[in-house]
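Listing of query.cif; format and content: mmCIF, C-alpha atoms.
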data_my_file
loop_
_atom_site.label_atom_id
_atom_site.label_comp_id
_atom_site.auth_asym_id
_atom_site.auth_seq_id
_atom_site.Cartn_x
_atom_site.Cartn_y
_atom_site.Cartn_z
CA MET A 1027 -79.75 -37.12 -76.95
CA ASN A 1028 -75.99 -37.68 -77.20
CA VAL A 1029 -73.74 -38.46 -74.27
CA ILE A 1030 -70.79 -36.04 -74.11
CA GLY A 1031 -69.21 -36.97 -70.75
CA THR A 1032 -69.42 -39.33 -67.82
CA ARG A 1033 -67.97 -39.48 -64.33
CA LYS A 1034 -68.57 -42.40 -61.96
CA GLY A 1035 -71.68 -43.30 -63.87
CA LYS A 1036 -73.06 -39.75 -63.86
CA ILE A 1037 -74.06 -38.78 -67.37
CA MET A 1038 -73.82 -35.35 -68.95
CA THR A 1039 -75.90 -34.98 -72.11
CA SER A 1040 -75.87 -32.61 -75.02
CA SER A 1041 -79.23 -31.23 -73.94
CA THR A 1042 -77.72 -30.47 -70.51
CA THR A 1043 -74.88 -28.56 -72.16
CA THR A 1044 -77.41 -26.59 -74.18
CA ALA A 1045 -79.33 -25.78 -71.01
CA LEU A 1046 -76.16 -24.53 -69.42
CA GLY A 1047 -75.26 -22.07 -72.07
CA GLY A 1048 -76.49 -23.06 -75.49
CA GLY A 1049 -73.06 -24.06 -76.78
CA THR A 1050 -70.63 -26.91 -76.76
CA ASP A 1051 -67.75 -25.15 -74.96
CA GLN A 1052 -68.15 -26.06 -71.28
CA ARG A 1053 -65.80 -23.25 -70.21
CA VAL A 1054 -68.40 -20.63 -71.21
CA ALA A 1055 -71.42 -22.61 -70.02
CA ARG A 1056 -73.73 -20.72 -67.70
CA LEU A 1057 -74.94 -22.13 -64.42
CA PRO A 1058 -78.57 -23.34 -64.59
CA ILE A 1059 -79.61 -20.95 -61.85
CA ALA A 1060 -83.37 -21.67 -62.01
CA SER A 1061 -82.76 -25.41 -61.64
CA LEU A 1062 -80.25 -25.01 -58.84
CA LEU A 1063 -82.50 -22.61 -56.94
CA ALA A 1064 -85.27 -25.19 -57.17
CA LEU A 1065 -82.95 -27.64 -55.41
CA ALA A 1066 -82.07 -24.94 -52.86
CA LEU A 1067 -85.76 -24.38 -52.15
CA ALA A 1068 -86.20 -28.13 -51.73
CA GLY A 1069 -83.50 -28.03 -49.04
CA PHE A 1070 -85.21 -25.00 -47.49
CA VAL A 1071 -88.53 -26.88 -47.29
CA THR A 1072 -86.78 -29.92 -45.82
CA ILE A 1073 -84.96 -28.05 -43.06
CA LEU A 1074 -87.91 -25.82 -42.21
CA THR A 1075 -90.30 -28.78 -42.01
CA GLU A 1076 -87.82 -30.49 -39.70
CA ALA A 1077 -86.98 -27.59 -37.40
CA LEU A 1078 -90.20 -25.54 -37.27
CA PRO A 1079 -91.69 -27.44 -34.30
CA ALA A 1080 -88.71 -26.41 -32.15
CA GLY A 1081 -89.88 -22.80 -32.22
CA LEU A 1082 -93.57 -23.66 -31.84
CA LEU A 1083 -93.54 -26.21 -29.00
CA PRO A 1084 -95.80 -24.19 -26.63
CA GLN A 1085 -98.41 -23.60 -29.35
CA ILE A 1086 -98.34 -27.22 -30.56
CA SER A 1087 -98.56 -28.44 -26.98
CA ALA A 1088 -101.60 -26.26 -26.26
CA GLY A 1089 -103.25 -27.02 -29.60
CA LEU A 1090 -103.08 -30.79 -29.23
CA GLY A 1091 -103.44 -30.85 -25.43
CA ILE A 1092 -100.09 -32.60 -24.85
CA ALA A 1093 -96.92 -31.92 -22.86
CA GLU A 1094 -94.11 -29.98 -24.53
CA ALA A 1095 -91.86 -33.04 -24.24
CA LEU A 1096 -94.40 -35.00 -26.33
CA ALA A 1097 -94.60 -32.15 -28.84
CA GLY A 1098 -90.81 -32.38 -29.11
CA GLN A 1099 -91.24 -35.87 -30.55
CA PHE A 1100 -92.43 -34.20 -33.76
CA VAL A 1101 -88.73 -33.58 -34.36
CA THR A 1102 -87.83 -37.09 -33.19
CA LEU A 1103 -90.21 -38.94 -35.54
CA TYR A 1104 -89.06 -36.82 -38.46
CA ALA A 1105 -85.46 -37.75 -37.72
CA ILE A 1106 -86.32 -41.44 -37.30
CA GLY A 1107 -88.00 -41.44 -40.71
CA SER A 1108 -84.90 -39.86 -42.26
CA LEU A 1109 -82.39 -42.17 -40.65
CA MET A 1110 -84.42 -45.27 -41.53
CA ALA A 1111 -84.87 -44.16 -45.13
CA ALA A 1112 -81.54 -42.64 -46.19
CA ILE A 1113 -79.42 -45.76 -46.75
CA PRO A 1114 -82.08 -48.28 -47.91
CA LEU A 1115 -83.82 -45.78 -50.20
CA THR A 1116 -80.50 -44.63 -51.63
CA ALA A 1117 -79.57 -48.25 -52.36
CA ALA A 1118 -83.00 -49.24 -53.68
CA THR A 1119 -83.40 -46.25 -56.00
CA GLN A 1120 -79.91 -45.96 -57.48
CA GLY A 1121 -81.21 -47.15 -60.84
CA PHE A 1122 -84.27 -44.87 -60.88
CA ARG A 1123 -84.48 -41.67 -62.88
CA ARG A 1124 -83.72 -38.64 -60.73
CA ARG A 1125 -86.54 -36.16 -61.36
CA PRO A 1126 -89.41 -38.58 -60.53
CA LEU A 1127 -87.60 -39.40 -57.29
CA LEU A 1128 -87.26 -35.72 -56.43
CA LEU A 1129 -90.95 -35.14 -57.18
CA ALA A 1130 -91.90 -38.13 -55.02
CA ALA A 1131 -89.92 -36.70 -52.10
CA LEU A 1132 -91.62 -33.31 -52.47
CA ALA A 1133 -95.04 -34.99 -52.70
CA GLY A 1134 -94.27 -36.59 -49.34
CA PHE A 1135 -93.83 -33.12 -47.83
CA VAL A 1136 -97.11 -31.93 -49.34
CA ILE A 1137 -98.99 -34.86 -47.82
CA ALA A 1138 -97.25 -34.78 -44.44
CA ASN A 1139 -97.59 -31.04 -43.89
CA THR A 1140 -101.22 -31.07 -45.02
CA VAL A 1141 -102.04 -33.81 -42.51
CA THR A 1142 -100.18 -31.87 -39.79
CA THR A 1143 -102.21 -28.76 -40.65
CA PHE A 1144 -105.60 -30.39 -40.16
CA SER A 1145 -105.01 -33.32 -37.80
CA SER A 1146 -106.33 -33.21 -34.24
CA SER A 1147 -104.81 -36.62 -33.44
CA TYR A 1148 -101.35 -36.75 -31.90
CA ALA A 1149 -100.76 -40.27 -33.23
CA LEU A 1150 -101.77 -39.36 -36.78
CA THR A 1151 -99.56 -36.28 -36.70
CA LEU A 1152 -96.61 -38.40 -35.59
CA VAL A 1153 -97.21 -40.68 -38.59
CA ALA A 1154 -97.23 -37.61 -40.84
CA ARG A 1155 -93.95 -36.42 -39.32
CA PHE A 1156 -92.42 -39.85 -39.93
CA LEU A 1157 -93.50 -39.64 -43.60
CA ALA A 1158 -91.93 -36.19 -43.85
CA GLY A 1159 -88.72 -37.64 -42.46
CA VAL A 1160 -88.72 -40.45 -45.03
CA SER A 1161 -89.13 -37.84 -47.75
CA ALA A 1162 -86.22 -35.90 -46.29
CA GLY A 1163 -84.00 -38.98 -46.25
CA LEU A 1164 -84.65 -39.52 -49.94
CA LEU A 1165 -84.24 -35.85 -50.83
CA TRP A 1166 -80.91 -35.39 -49.03
CA ALA A 1167 -79.53 -38.41 -50.86
CA LEU A 1168 -80.40 -36.68 -54.16
CA LEU A 1169 -79.50 -33.00 -53.85
CA ALA A 1170 -75.70 -32.79 -54.06
CA GLY A 1171 -75.37 -35.38 -56.82
CA TYR A 1172 -78.27 -33.85 -58.74
CA ALA A 1173 -76.66 -30.41 -58.68
CA ALA A 1174 -73.30 -31.83 -59.79
CA ARG A 1175 -74.84 -33.56 -62.81
CA MET A 1176 -76.29 -30.30 -64.14
CA VAL A 1177 -72.91 -28.71 -64.85
CA PRO A 1178 -69.46 -29.45 -66.27
CA GLU A 1179 -66.63 -30.51 -63.95
CA HIS A 1180 -65.20 -27.06 -63.28
CA GLN A 1181 -68.57 -25.73 -62.04
CA LYS A 1182 -69.59 -28.58 -59.73
CA GLY A 1183 -68.48 -26.86 -56.52
CA ARG A 1184 -70.41 -23.68 -57.27
CA ALA A 1185 -73.48 -25.66 -58.31
CA ILE A 1186 -73.52 -27.67 -55.09
CA ALA A 1187 -72.99 -24.52 -53.03
CA ILE A 1188 -76.04 -22.89 -54.64
CA ALA A 1189 -78.15 -26.03 -54.23
CA MET A 1190 -77.30 -26.19 -50.53
CA VAL A 1191 -77.92 -22.52 -49.72
CA GLY A 1192 -81.49 -23.32 -48.65
CA THR A 1193 -80.24 -24.97 -45.46
CA PRO A 1194 -78.62 -21.93 -43.78
CA LEU A 1195 -81.41 -19.69 -45.05
CA ALA A 1196 -84.01 -21.96 -43.45
CA LEU A 1197 -82.15 -21.92 -40.14
CA SER A 1198 -81.30 -18.22 -40.16
CA LEU A 1199 -84.50 -16.77 -41.61
CA GLY A 1200 -87.13 -19.48 -42.05
CA VAL A 1201 -87.30 -20.88 -38.53
CA PRO A 1202 -87.44 -17.53 -36.67
CA ALA A 1203 -89.88 -16.17 -39.28
CA GLY A 1204 -92.01 -19.30 -38.91
CA THR A 1205 -91.93 -18.95 -35.12
CA PHE A 1206 -92.99 -15.31 -35.39
CA LEU A 1207 -95.73 -16.20 -37.90
CA GLY A 1208 -96.92 -19.03 -35.68
CA ASN A 1209 -97.41 -16.57 -32.84
CA LEU A 1210 -99.56 -14.41 -35.14
CA VAL A 1211 -101.68 -16.87 -37.12
CA GLY A 1212 -101.20 -20.19 -35.33
CA TRP A 1213 -98.88 -23.17 -35.77
CA ARG A 1214 -101.28 -25.03 -38.08
CA MET A 1215 -101.23 -22.23 -40.63
CA CYS A 1216 -97.41 -22.43 -40.70
CA PHE A 1217 -97.55 -26.07 -41.77
CA GLY A 1218 -100.26 -25.25 -44.29
CA ILE A 1219 -97.97 -22.66 -45.87
CA MET A 1220 -95.18 -25.25 -46.00
CA SER A 1221 -97.49 -27.67 -47.80
CA LEU A 1222 -98.42 -25.04 -50.38
CA LEU A 1223 -94.76 -24.11 -50.87
CA ALA A 1224 -93.85 -27.75 -51.55
CA LEU A 1225 -96.69 -28.03 -54.05
CA VAL A 1226 -95.53 -24.94 -55.96
CA LEU A 1227 -92.00 -26.31 -55.90
CA MET A 1228 -93.17 -29.57 -57.52
CA ILE A 1229 -94.44 -27.54 -60.47
CA TRP A 1230 -91.15 -25.62 -60.64
CA VAL A 1231 -89.14 -28.84 -60.60
CA ARG A 1232 -91.27 -30.40 -63.31
CA ILE A 1233 -90.80 -27.39 -65.59
CA LYS A 1234 -87.22 -26.27 -64.90
CA VAL A 1235 -85.17 -29.15 -63.46
CA PRO A 1236 -83.69 -31.60 -66.00
CA ASP A 1237 -84.09 -35.34 -65.60
CA PHE A 1238 -81.19 -37.81 -65.40
CA ALA A 1239 -80.86 -41.55 -65.60
CA GLY A 1240 -80.07 -43.62 -62.52
CA GLN A 1241 -76.73 -45.27 -61.80
CA ALA A 1242 -75.66 -48.42 -63.64
CA THR A 1243 -75.45 -51.60 -61.56
CA ASP A 1244 -71.70 -52.03 -62.04
CA LYS A 1245 -71.04 -48.51 -60.68
CA ARG A 1246 -72.77 -49.07 -57.32
CA LEU A 1247 -70.63 -48.98 -54.21
CA SER A 1248 -70.32 -51.24 -51.15
CA LEU A 1249 -71.66 -49.95 -47.83
CA GLY A 1250 -69.64 -52.44 -45.78
CA HIS A 1251 -66.38 -51.50 -47.48
CA VAL A 1252 -66.96 -47.80 -46.86
CA PHE A 1253 -67.83 -48.31 -43.19
CA THR A 1254 -64.57 -50.14 -42.49
CA MET A 1255 -62.33 -47.60 -44.22
CA PRO A 1256 -59.87 -45.84 -41.86
CA GLY A 1257 -61.33 -42.57 -40.63
CA VAL A 1258 -64.96 -43.09 -41.60
CA ARG A 1259 -66.09 -44.35 -38.21
CA PRO A 1260 -64.46 -41.47 -36.26
CA VAL A 1261 -66.21 -38.95 -38.50
CA LEU A 1262 -69.55 -40.70 -37.97
CA LEU A 1263 -69.00 -40.73 -34.20
CA VAL A 1264 -68.29 -37.00 -34.30
CA VAL A 1265 -71.52 -36.49 -36.25
CA LEU A 1266 -73.47 -38.43 -33.61
CA ALA A 1267 -72.02 -36.65 -30.58
CA PHE A 1268 -71.79 -33.12 -31.99
CA VAL A 1269 -75.22 -33.07 -33.62
CA LEU A 1270 -76.81 -34.79 -30.61
CA SER A 1271 -75.53 -32.05 -28.32
CA HIS A 1272 -76.88 -29.42 -30.70
CA ASN A 1273 -80.34 -30.97 -30.95
CA ILE A 1274 -80.85 -31.49 -27.22
CA LEU A 1275 -80.69 -27.72 -26.87
CA TYR A 1276 -82.19 -26.67 -30.22
CA THR A 1277 -85.28 -28.90 -29.96
CA TYR A 1278 -86.14 -27.58 -26.50
CA ILE A 1279 -84.92 -24.02 -26.88
CA ALA A 1280 -88.40 -22.59 -26.13
CA PRO A 1281 -88.77 -24.14 -22.65
CA PHE A 1282 -85.11 -23.35 -21.94
CA LEU A 1283 -85.71 -19.68 -22.73
CA ALA A 1284 -88.88 -19.67 -20.65
CA THR A 1285 -86.81 -20.26 -17.51
CA ALA A 1286 -84.92 -17.04 -18.29
CA GLY A 1287 -88.16 -15.12 -18.84
CA MET A 1288 -87.42 -14.94 -22.58
CA ALA A 1289 -90.23 -17.14 -23.95
CA GLU A 1290 -91.63 -14.29 -26.05
CA ARG A 1291 -88.19 -13.68 -27.58
CA THR A 1292 -87.74 -17.20 -28.95
CA HIS A 1293 -87.94 -15.99 -32.55
CA LEU A 1294 -85.29 -13.32 -31.85
CA VAL A 1295 -82.97 -15.85 -30.22
CA LEU A 1296 -83.37 -18.20 -33.18
CA LEU A 1297 -82.65 -15.27 -35.50
CA VAL A 1298 -79.40 -14.55 -33.64
CA PHE A 1299 -78.49 -18.22 -33.94
CA GLY A 1300 -79.29 -18.21 -37.67
CA VAL A 1301 -77.38 -15.03 -38.49
CA THR A 1302 -74.22 -16.18 -36.71
CA SER A 1303 -74.65 -19.58 -38.38
CA LEU A 1304 -74.39 -17.84 -41.73
CA LEU A 1305 -71.20 -16.15 -40.54
CA GLY A 1306 -69.89 -19.55 -39.45
CA ILE A 1307 -70.64 -21.03 -42.86
CA TRP A 1308 -68.76 -18.19 -44.55
CA VAL A 1309 -65.71 -18.61 -42.30
CA ILE A 1310 -65.67 -22.37 -42.87
CA GLY A 1311 -66.04 -21.91 -46.62
CA VAL A 1312 -63.00 -19.62 -46.77
CA LEU A 1313 -60.67 -21.72 -44.61
CA ILE A 1314 -61.80 -25.35 -44.84
CA ASP A 1315 -59.44 -26.53 -47.59
CA ARG A 1316 -56.39 -25.71 -45.46
CA HIS A 1317 -57.64 -25.99 -41.88
CA LEU A 1318 -60.29 -28.73 -41.62
CA ARG A 1319 -58.90 -30.21 -38.39
CA VAL A 1320 -58.31 -26.88 -36.63
CA LEU A 1321 -61.75 -25.57 -37.60
CA THR A 1322 -63.45 -28.71 -36.30
CA LEU A 1323 -61.60 -28.51 -32.98
CA ALA A 1324 -62.40 -24.79 -32.72
CA SER A 1325 -66.10 -25.34 -33.46
CA VAL A 1326 -66.46 -28.02 -30.79
CA THR A 1327 -64.57 -25.90 -28.25
CA LEU A 1328 -66.64 -22.78 -28.96
CA PHE A 1329 -69.89 -24.74 -28.59
CA GLY A 1330 -68.58 -26.09 -25.28
CA ILE A 1331 -67.91 -22.57 -24.01
CA SER A 1332 -71.43 -21.59 -25.06
CA ALA A 1333 -72.96 -24.56 -23.22
CA LEU A 1334 -70.94 -23.72 -20.10
CA ALA A 1335 -72.11 -20.08 -20.19
CA LEU A 1336 -75.74 -21.14 -20.58
CA GLY A 1337 -75.39 -23.51 -17.66
CA MET A 1338 -73.82 -20.91 -15.35
CA LYS A 1339 -75.70 -17.75 -16.41
CA GLY A 1340 -78.68 -19.03 -18.39
CA ASP A 1341 -81.04 -16.67 -16.55
CA VAL A 1342 -79.21 -13.52 -17.72
CA PRO A 1343 -80.57 -12.36 -21.13
CA SER A 1344 -77.32 -10.69 -22.26
CA VAL A 1345 -75.36 -13.87 -21.54
CA VAL A 1346 -78.00 -15.95 -23.31
CA TYR A 1347 -77.76 -13.84 -26.47
CA ALA A 1348 -73.96 -13.96 -26.45
CA ALA A 1349 -73.91 -17.72 -25.85
CA ILE A 1350 -76.49 -18.34 -28.58
CA ALA A 1351 -74.43 -16.24 -31.00
CA ALA A 1352 -71.32 -18.30 -30.18
CA TRP A 1353 -73.33 -21.51 -30.57
CA GLY A 1354 -74.53 -20.43 -34.01
CA LEU A 1355 -71.01 -19.49 -35.09
CA ALA A 1356 -69.74 -22.88 -33.87
CA PHE A 1357 -72.47 -25.00 -35.42
CA GLY A 1358 -73.22 -23.06 -38.61
CA GLY A 1359 -70.46 -24.70 -40.62
CA ALA A 1360 -70.76 -28.13 -38.99
CA ALA A 1361 -72.45 -29.76 -41.96
CA THR A 1362 -69.78 -28.43 -44.32
CA LEU A 1363 -66.97 -29.56 -42.02
CA LEU A 1364 -68.32 -33.06 -41.51
CA GLN A 1365 -69.36 -33.62 -45.13
CA THR A 1366 -65.92 -32.51 -46.29
CA ALA A 1367 -64.21 -34.74 -43.72
CA ILE A 1368 -66.11 -37.85 -44.74
CA SER A 1369 -65.77 -37.10 -48.46
CA LYS A 1370 -61.99 -36.74 -48.21
CA THR A 1371 -61.78 -39.84 -46.05
CA ALA A 1372 -63.95 -42.02 -48.29
CA GLY A 1373 -62.55 -40.78 -51.62
CA ASP A 1374 -64.31 -42.51 -54.52
CA GLU A 1375 -66.82 -44.02 -52.06
CA ALA A 1376 -68.03 -40.56 -51.00
CA ASP A 1377 -71.60 -41.08 -52.23
CA VAL A 1378 -72.20 -44.10 -50.02
CA ALA A 1379 -70.40 -42.39 -47.14
CA GLN A 1380 -72.76 -39.43 -47.53
CA SER A 1381 -75.82 -41.64 -47.05
CA MET A 1382 -74.20 -42.99 -43.88
CA LEU A 1383 -73.59 -39.44 -42.66
CA VAL A 1384 -77.24 -38.54 -43.30
CA THR A 1385 -78.29 -41.57 -41.25
CA ALA A 1386 -75.93 -40.71 -38.38
CA TRP A 1387 -77.04 -37.07 -38.48
CA ASN A 1388 -80.69 -38.03 -38.14
CA MET A 1389 -79.96 -40.55 -35.41
CA ALA A 1390 -78.50 -37.61 -33.51
CA ILE A 1391 -81.59 -35.49 -34.21
CA ALA A 1392 -83.86 -38.27 -32.98
CA GLY A 1393 -81.64 -38.78 -29.95
CA GLY A 1394 -81.79 -35.07 -29.19
CA GLY A 1395 -85.57 -35.17 -29.11
CA ILE A 1396 -85.68 -38.26 -26.90
CA ILE A 1397 -82.85 -37.45 -24.49
CA GLY A 1398 -83.81 -33.79 -24.28
CA GLY A 1399 -87.41 -34.75 -23.55
CA VAL A 1400 -86.37 -37.12 -20.76
CA LEU A 1401 -84.06 -34.51 -19.23
CA LEU A 1402 -86.76 -31.85 -19.46
CA ASP A 1403 -89.42 -34.03 -17.82
CA ARG A 1404 -87.31 -35.59 -15.07
CA ILE A 1405 -84.74 -32.93 -14.17
CA GLY A 1406 -85.52 -29.73 -16.04
CA VAL A 1407 -83.58 -27.48 -18.38
CA GLY A 1408 -80.75 -27.21 -15.85
CA ALA A 1409 -79.62 -30.66 -17.00
CA PHE A 1410 -79.00 -29.53 -20.55
CA SER A 1411 -75.63 -27.84 -20.00
CA PRO A 1412 -73.94 -30.77 -18.20
CA ALA A 1413 -75.25 -33.21 -20.83
CA LEU A 1414 -73.94 -31.02 -23.65
CA LEU A 1415 -70.53 -30.66 -22.02
CA VAL A 1416 -70.12 -34.44 -21.65
CA LEU A 1417 -70.97 -34.96 -25.33
CA LEU A 1418 -68.74 -32.13 -26.53
CA ILE A 1419 -65.75 -33.28 -24.51
CA ALA A 1420 -66.18 -36.74 -26.06
CA THR A 1421 -66.39 -35.12 -29.50
CA LEU A 1422 -63.20 -33.15 -28.88
CA ILE A 1423 -61.34 -36.31 -27.86
CA ILE A 1424 -62.47 -38.19 -30.99
CA VAL A 1425 -61.44 -35.36 -33.33
CA TRP A 1426 -58.10 -34.94 -31.57
CA ASP A 1427 -57.38 -38.68 -31.81
CA ALA A 1428 -58.33 -38.90 -35.51
CA LYS A 1429 -55.13 -37.14 -36.59
CA HIS A 1430 -54.19 -39.74 -39.20
CA HIS A 1431 -57.58 -40.48 -40.79
CA GLY A 1432 -60.82 -38.49 -40.57
CA PHE A 1433 -59.45 -35.18 -39.28
CA PRO A 1434 -55.79 -35.47 -40.31
CA VAL A 1435 -52.99 -33.15 -39.36
CA VAL A 1436 -51.87 -31.25 -42.47
CA ARG A 1437 -48.22 -32.02 -43.24
CA LYS A 1438 -46.35 -29.05 -44.68
#

Show the structure stored in the file as structure tokens.
Amino acid sequence: MNVIGTRKGKIMTSSTTTALGGGTDQRVARLPIASLLALALAGFVTILTEALPAGLLPQISAGLGIAEALAGQFVTLYAIGSLMAAIPLTAATQGFRRRPLLLAALAGFVIANTVTTFSSSYALTLVARFLAGVSAGLLWALLAGYAARMVPEHQKGRAIAIAMVGTPLALSLGVPAGTFLGNLVGWRMCFGIMSLLALVLMIWVRIKVPDFAGQATDKRLSLGHVFTMPGVRPVLLVVLAFVLSHNILYTYIAPFLATAGMAERTHLVLLVFGVTSLLGIWVIGVLIDRHLRVLTLASVTLFGISALALGMKGDVPSVVYAAIAAWGLAFGGAATLLQTAISKTAGDEADVAQSMLVTAWNMAIAGGGIIGGVLLDRIGVGAFSPALLVLLIATLIIVWDAKHHGFPVVRK
């Protein structure tokens, strides 16, 4: 196997070129669609495993005989596993071959979702959710770089876009479909289906996804250096505040809707959120190269308006649907905005910065489960809107202030 090109320690081989198009001219190489779709499905499994409990809290609560706030910790433990695993696992496995790592992450989902399907113990299920989160932390550290290594330089953007399409599909279609299915056949069956899907995906990966060597020691990057670069910390703070505000509401959307008499429409509300999220992703994708700062400010502001509407008229179904649609539009492209911001800020250190973003993102998810649970138990869903507004105002201030590094003003 002959090496034909390298970039930052990422190796492109002659067999890869053959897989892309059967020839040596990279300009006519075809995208390895089957391999990239396998990565997309891995992202789909990851997001759906993470978010599914949010739409099934009442069923999980009844099935395990626990309060809904305790059921919400299924999301929290998953996030804790991800945030604890992302940076150390990324550092520890940089020299490992890529496909075995990807298979190990998927095996973690098979085990965790199988345990969740059959367990009658709350404690054991929390352990399984933590394992699923660890698997997610490892998988997210792999996906973008894996997709980029499958193709020549001029196709990397398209390859990454395809590999990441599983995320919006999981949010827009998977979660509401899972919520609807859970109401029909039970929440345990939903997790059983997820386990089977991950098992089938392991076979697909083993057959269709190429393997790559790990990164050489002298190419590995410094975490401390990246963290102290101008602009990195503001982006990470925005991730924490913006994603925390999202997850306080998203994790406990079912009890929030119950106060408006819309408990049976949870799957429809999540579908509205998912569809407008896809629209948000499309808008961000078209405009992000020229308007990163403006789009970030607009997204935070639109989410704030949505939170205010839910706080003032959260018992009016038409207002709820409109606010949820605005929320989805605002948050749909958040991952793209924040990943782009930290990549541009970190430059050549983007890989390490990405693992930091994954950690911050999952800290926010865990915080959403904990803080939302406390608010729900002690005050009720009426506390959600004020809490979100405080966080979003802080986010807006950070973005506005980061005009030199992080979310820079474009100089014409």

Write out as a Markdown table the residues of stretch 1116-1164 of chain A that have any atom within 8 Å of an atom of stretch 1073-1077 of chain A, one row each with the nearest atom pair and its distance in Å to one decimal, counting only C-alpha atoms, sorted by chain and then rising number.
| residue | atom | partner | partner_atom | distance |
| --- | --- | --- | --- | --- |
| A:Asn1139 | CA | A:Thr1075 | CA | 7.9 |
| A:Ala1158 | CA | A:Thr1075 | CA | 7.8 |
| A:Gly1159 | CA | A:Glu1076 | CA | 7.7 |

Those same residues - C-alpha atoms - I'd like them written as a compact mmCIF listing (two decimals), keeping the file's coordinate frame.
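Saved as out_22.txt:
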# COMPACT_ATOMS: atom_id res chain seq x y z
CA ASN A 1139 -97.59 -31.04 -43.89
CA ALA A 1158 -91.93 -36.19 -43.85
CA GLY A 1159 -88.72 -37.64 -42.46

> From the list A:Leu1294, A:Ile1314, A:Leu1165, A:Val1436, which residue is nearest A:Val1071 when using only C-alpha atoms?
Replying inline: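 Checking each of A:Leu1294, A:Ile1314, A:Leu1165, A:Val1436 against A:Val1071, counting only C-alpha atoms, the winner is A:Leu1165.
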
> What does the PyMOL selection byres ((chain A and resi 1072) around 12) select in this file, as JSON, numbers by chain?
Replying inline: {"A": [1065, 1066, 1067, 1068, 1069, 1070, 1071, 1073, 1074, 1075, 1076, 1077, 1078, 1104, 1105, 1108, 1131, 1132, 1133, 1134, 1135, 1136, 1138, 1139, 1155, 1158, 1159, 1160, 1161, 1162, 1163, 1164, 1165, 1166, 1169, 1190, 1192, 1193, 1194, 1195, 1196, 1197, 1200, 1201, 1220, 1221, 1223, 1224, 1227]}

Nearby residues (all atoms listed in the file) at most 9 Å from A:Leu1262, same-chain spacing under 2 positions excluded, as a PDB file with C-alpha atoms, in the frame of the given file:
ATOM      1  CA  GLY A1257     -61.330 -42.570 -40.630  1.00  0.00           C
ATOM      2  CA  VAL A1258     -64.960 -43.090 -41.600  1.00  0.00           C
ATOM      3  CA  ARG A1259     -66.090 -44.350 -38.210  1.00  0.00           C
ATOM      4  CA  PRO A1260     -64.460 -41.470 -36.260  1.00  0.00           C
ATOM      5  CA  VAL A1264     -68.290 -37.000 -34.300  1.00  0.00           C
ATOM      6  CA  VAL A1265     -71.520 -36.490 -36.250  1.00  0.00           C
ATOM      7  CA  LEU A1266     -73.470 -38.430 -33.610  1.00  0.00           C
ATOM      8  CA  ALA A1267     -72.020 -36.650 -30.580  1.00  0.00           C
ATOM      9  CA  LEU A1364     -68.320 -33.060 -41.510  1.00  0.00           C
ATOM     10  CA  ILE A1368     -66.110 -37.850 -44.740  1.00  0.00           C
ATOM     11  CA  MET A1382     -74.200 -42.990 -43.880  1.00  0.00           C
ATOM     12  CA  LEU A1383     -73.590 -39.440 -42.660  1.00  0.00           C
ATOM     13  CA  ALA A1386     -75.930 -40.710 -38.380  1.00  0.00           C
ATOM     14  CA  TRP A1387     -77.040 -37.070 -38.480  1.00  0.00           C
TER      15      TRP A1387
END

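When atom CA of A:Thr1322 is paired with atom CA of A:Ala1420, their separation reads 13.3 Å.
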
>> Ranking A:Pro1058, A:Ala1080, A:Arg1232, A:Val1191 by minimum distance to A:Arg1125 and counting all atoms listed in the file, which one comes first?
In response: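 The closest residue to A:Arg1125 is A:Arg1232.
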
> Which residue out of A:Tyr1276, A:Phe1156, A:Trp1308, A:Phe1217 has the minimum interatomic distance to A:Thr1140 when all atoms listed in the file are used?
Replying inline: A:Phe1217

> stretch 1296-1298 of chain A: which residues within 7 Å, counting all atoms listed in the file, same-chain residues fewer than 2 positions away excluded, as a list in words?
Replying inline: Ser1198, Leu1199, Pro1202, Thr1292, His1293, Leu1294, Gly1300, Val1301, Thr1302, Ile1350 and Ala1351 of chain A

Might you pull out every residue within 12 Å of stretch 1086-1088 of chain A, with all atoms listed in the file counted and same-chain residues fewer than 3 positions away left off, and present them as a short mmCIF file (atom, residue, chain, number, x, y, z; two decimals) with C-alpha atoms, keeping the file's coordinate frame?
data_model
loop_
_atom_site.label_atom_id
_atom_site.label_comp_id
_atom_site.auth_asym_id
_atom_site.auth_seq_id
_atom_site.Cartn_x
_atom_site.Cartn_y
_atom_site.Cartn_z
CA LEU A 1078 -90.20 -25.54 -37.27
CA PRO A 1079 -91.69 -27.44 -34.30
CA ALA A 1080 -88.71 -26.41 -32.15
CA GLY A 1081 -89.88 -22.80 -32.22
CA LEU A 1082 -93.57 -23.66 -31.84
CA LEU A 1083 -93.54 -26.21 -29.00
CA GLY A 1091 -103.44 -30.85 -25.43
CA ILE A 1092 -100.09 -32.60 -24.85
CA ALA A 1093 -96.92 -31.92 -22.86
CA GLU A 1094 -94.11 -29.98 -24.53
CA ALA A 1095 -91.86 -33.04 -24.24
CA LEU A 1096 -94.40 -35.00 -26.33
CA ALA A 1097 -94.60 -32.15 -28.84
CA GLY A 1098 -90.81 -32.38 -29.11
CA GLN A 1099 -91.24 -35.87 -30.55
CA PHE A 1100 -92.43 -34.20 -33.76
CA THR A 1142 -100.18 -31.87 -39.79
CA THR A 1143 -102.21 -28.76 -40.65
CA SER A 1145 -105.01 -33.32 -37.80
CA SER A 1146 -106.33 -33.21 -34.24
CA SER A 1147 -104.81 -36.62 -33.44
CA TYR A 1148 -101.35 -36.75 -31.90
CA THR A 1151 -99.56 -36.28 -36.70
CA THR A 1205 -91.93 -18.95 -35.12
CA GLY A 1208 -96.92 -19.03 -35.68
CA ASN A 1209 -97.41 -16.57 -32.84
CA GLY A 1212 -101.20 -20.19 -35.33
CA TRP A 1213 -98.88 -23.17 -35.77
CA ARG A 1214 -101.28 -25.03 -38.08
CA MET A 1215 -101.23 -22.23 -40.63
CA CYS A 1216 -97.41 -22.43 -40.70
CA PHE A 1217 -97.55 -26.07 -41.77
CA ALA A 1280 -88.40 -22.59 -26.13
CA PRO A 1281 -88.77 -24.14 -22.65
#
